[in-house]
Each structure stands twice: as C-alpha cells, then as structure tokens.
file start12.txt (compact mmCIF, C-alpha atoms)
# COMPACT_ATOMS: atom_id res chain seq x y z
CA SER H 1 -27.52 -15.18 6.56
CA GLY H 2 -27.03 -11.47 7.15
CA ASP H 3 -25.45 -12.07 10.55
CA ASP H 4 -22.88 -14.45 9.05
CA ALA H 5 -22.01 -11.91 6.37
CA THR H 6 -21.61 -9.18 8.97
CA ARG H 7 -19.33 -11.36 11.12
CA ALA H 8 -17.23 -12.26 8.08
CA LEU H 9 -16.91 -8.60 7.12
CA VAL H 10 -15.91 -7.56 10.65
CA ARG H 11 -13.25 -10.30 10.73
CA GLU H 12 -11.72 -8.87 7.56
CA LEU H 13 -11.82 -5.19 8.53
CA GLY H 14 -9.81 -3.22 11.02
CA LEU H 15 -12.35 -0.93 12.65
CA VAL H 16 -11.58 2.36 14.39
CA PHE H 17 -14.44 3.90 16.35
CA ASP H 18 -14.88 7.56 17.28
CA THR H 19 -14.36 6.51 20.89
CA PRO H 20 -11.17 4.43 21.02
CA ARG H 21 -12.53 1.95 23.62
CA LEU H 22 -9.15 1.21 25.16
CA ILE H 23 -8.86 -0.70 28.42
CA GLU H 24 -7.69 2.11 30.68
CA GLY H 25 -5.79 -0.13 33.12
CA LEU H 26 -3.66 -1.77 30.41
CA SER H 27 -0.59 -0.38 28.74
CA VAL H 28 -0.86 0.86 25.19
CA LEU H 29 1.17 -2.13 24.02
CA ASP H 30 -1.12 -4.57 25.85
CA ASN H 31 -4.24 -2.88 24.46
CA VAL H 32 -2.97 -3.25 20.91
CA ALA H 33 -1.59 -6.78 21.42
CA LEU H 34 -4.89 -7.92 22.87
CA ALA H 35 -6.52 -7.52 19.46
CA ALA H 36 -4.12 -10.08 17.99
CA GLU H 37 -4.40 -12.40 20.98
CA VAL H 38 -8.18 -12.65 20.75
CA ARG H 39 -7.69 -13.65 17.10
CA GLY H 40 -5.57 -16.60 18.26
CA ARG H 41 -2.05 -15.24 17.85
CA PRO H 42 0.51 -16.39 20.43
CA ARG H 43 1.32 -13.71 23.01
CA ALA H 44 4.89 -13.14 21.79
CA GLU H 45 3.75 -12.72 18.20
CA ALA H 46 0.88 -10.46 19.28
CA ARG H 47 3.30 -8.20 21.14
CA ARG H 48 5.67 -8.08 18.15
CA LEU H 49 2.79 -7.14 15.84
CA ALA H 50 1.62 -4.51 18.34
CA GLU H 51 5.10 -2.99 18.54
CA GLU H 52 5.26 -2.77 14.73
CA ALA H 53 1.80 -1.20 14.54
CA LEU H 54 2.62 1.34 17.24
CA GLU H 55 5.73 2.33 15.32
CA LYS H 56 3.65 2.79 12.14
CA VAL H 57 1.31 5.22 13.90
CA ASP H 58 4.21 6.99 15.67
CA LEU H 59 3.17 5.93 19.16
CA ASP H 60 5.96 3.48 19.99
CA ASP H 61 7.41 5.89 22.55
CA ALA H 62 4.20 5.55 24.61
CA SER H 63 3.89 1.76 24.43
CA GLY H 64 4.53 1.35 28.16
CA CYS H 65 2.10 4.08 29.23
CA PHE H 66 -1.31 3.25 30.60
CA ALA H 67 -4.15 4.05 28.22
CA ARG H 68 -5.72 6.29 30.87
CA ASP H 69 -2.68 8.59 30.70
CA LEU H 70 -2.92 9.28 26.97
CA CYS H 71 -4.42 12.39 25.42
CA ALA H 72 -7.32 11.98 22.99
CA ALA H 73 -5.08 12.10 19.89
CA GLU H 74 -2.80 9.41 21.31
CA LYS H 75 -5.80 7.23 22.13
CA GLN H 76 -6.91 7.52 18.50
CA LYS H 77 -3.42 6.47 17.38
CA ALA H 78 -3.60 3.47 19.70
CA ALA H 79 -6.97 2.55 18.22
CA ARG H 80 -5.50 2.78 14.70
CA ALA H 81 -2.62 0.53 15.75
CA ARG H 82 -5.11 -1.95 17.18
CA ALA H 83 -7.02 -1.91 13.89
CA LEU H 84 -3.80 -2.62 12.01
CA VAL H 85 -3.12 -5.61 14.24
CA SER H 86 -6.64 -7.01 14.01
CA GLY H 87 -7.40 -5.95 10.46
CA PRO H 88 -7.23 -7.90 7.23
CA SER H 89 -5.11 -11.03 7.33

call {"tool": "encode", "arguments": {"input": "start12.txt", "output": "structure tokens"}}
result
Amino acid sequence: SGDDATRALVRELGLVFDTPRLIEGLSVLDNVALAAEVRGRPRAEARRLAEEALEKVDLDDASGCFARDLCAAEKQKAARARALVSGPS
C-alpha cells in the first residue's frame, strides 16, 4: 500500500527538516545518538556513530552542549548529523 511504501522510503532516507526538532534538554550528542538508538543500535554504538557524524558536520566541539544553547546554524548541523546517523543503512 501507499503507507507501506512511504514507511519504507522514510526508513531509507535521512531527513532534515527546516526546523531541526531537537530535544532541547538533551545534549547534542544525545540528540544525534537517539536517532540510532530508536533504530535498534546499542547505546555505545549509537554514541560512536553520533560522534563520527558530529565530526563530519564540524560540530564535534559542541557535542556536550545542550541543544537549547545552540544557535540556529548549529542546530541545523546537529539535524544533519542526526540524518547521517539515521539515514540509509
């Protein structure tokens, strides 16, 4: 059905929205790692993947900061890192 096709497509894509939709009370690292955890990755692996993704988007220096403390551009970088972690397998 159309819904099944949409779900399959979303599972295979890393989406970045105009509004980053970060959890403000979590660190940047935890926000990014959460994407891998909800896909069934063990916590340690999710954190490793998040660290690698944050380095790719040049946001590794802010990994311990709370999302609420980031500027808009940094939030977009965090969202891109999250998409890398949750994107295509």

call {"tool": "atom_distance", "arguments": {"input": "start12.txt", "atom1": "atom CA of H:Arg41", "atom2": "atom CA of H:Ala67"}}
result
22.0 Å

call {"tool": "closest_residue", "arguments": {"input": "start12.txt", "among": "H:Gly40, H:Gly87, H:Gly25, H:Pro20", "to": "H:Cys65", "atoms": "only C-alpha atoms"}}
result
H:Gly25

call {"tool": "residues_around", "arguments": {"input": "start12.txt", "residues": "H:Leu26", "least_positions_apart": "3", "cutoff": "12 Å", "atoms": "only C-alpha atoms", "output": "list in words"}}
result
Arg21, Leu22, Ile23, Leu29, Asp30, Asn31, Val32, Ala33, Leu34, Ser63, Gly64, Cys65, Phe66, Ala67, Arg68, Asp69, Leu70 and Ala78 of chain H

call {"tool": "residues_around", "arguments": {"input": "start12.txt", "residues": "H:Arg80", "least_positions_apart": "3", "cutoff": "12 Å", "atoms": "only C-alpha atoms", "output": "ChimeraX atom specification"}}
result
/H:13-22,28,31-32,35,50,53-59,73-77,83-87

call {"tool": "atom_distance", "arguments": {"input": "start12.txt", "atom1": "atom CA of H:Asp4", "atom2": "atom CA of H:Pro42"}}
result
26.1 Å

call {"tool": "atom_distance", "arguments": {"input": "start12.txt", "atom1": "atom CA of H:Ala81", "atom2": "atom CA of H:Ser27"}}
result
13.2 Å

call {"tool": "axis_aligned_box", "arguments": {"input": "start12.txt", "around": "stretch 22-39 of chain H", "padding_each_side": "5 Å", "output": "JSON"}}
result
{"center_x": -4.0, "center_y": -5.8, "center_z": 25.1, "size_x": 20.3, "size_y": 25.8, "size_z": 26.0}
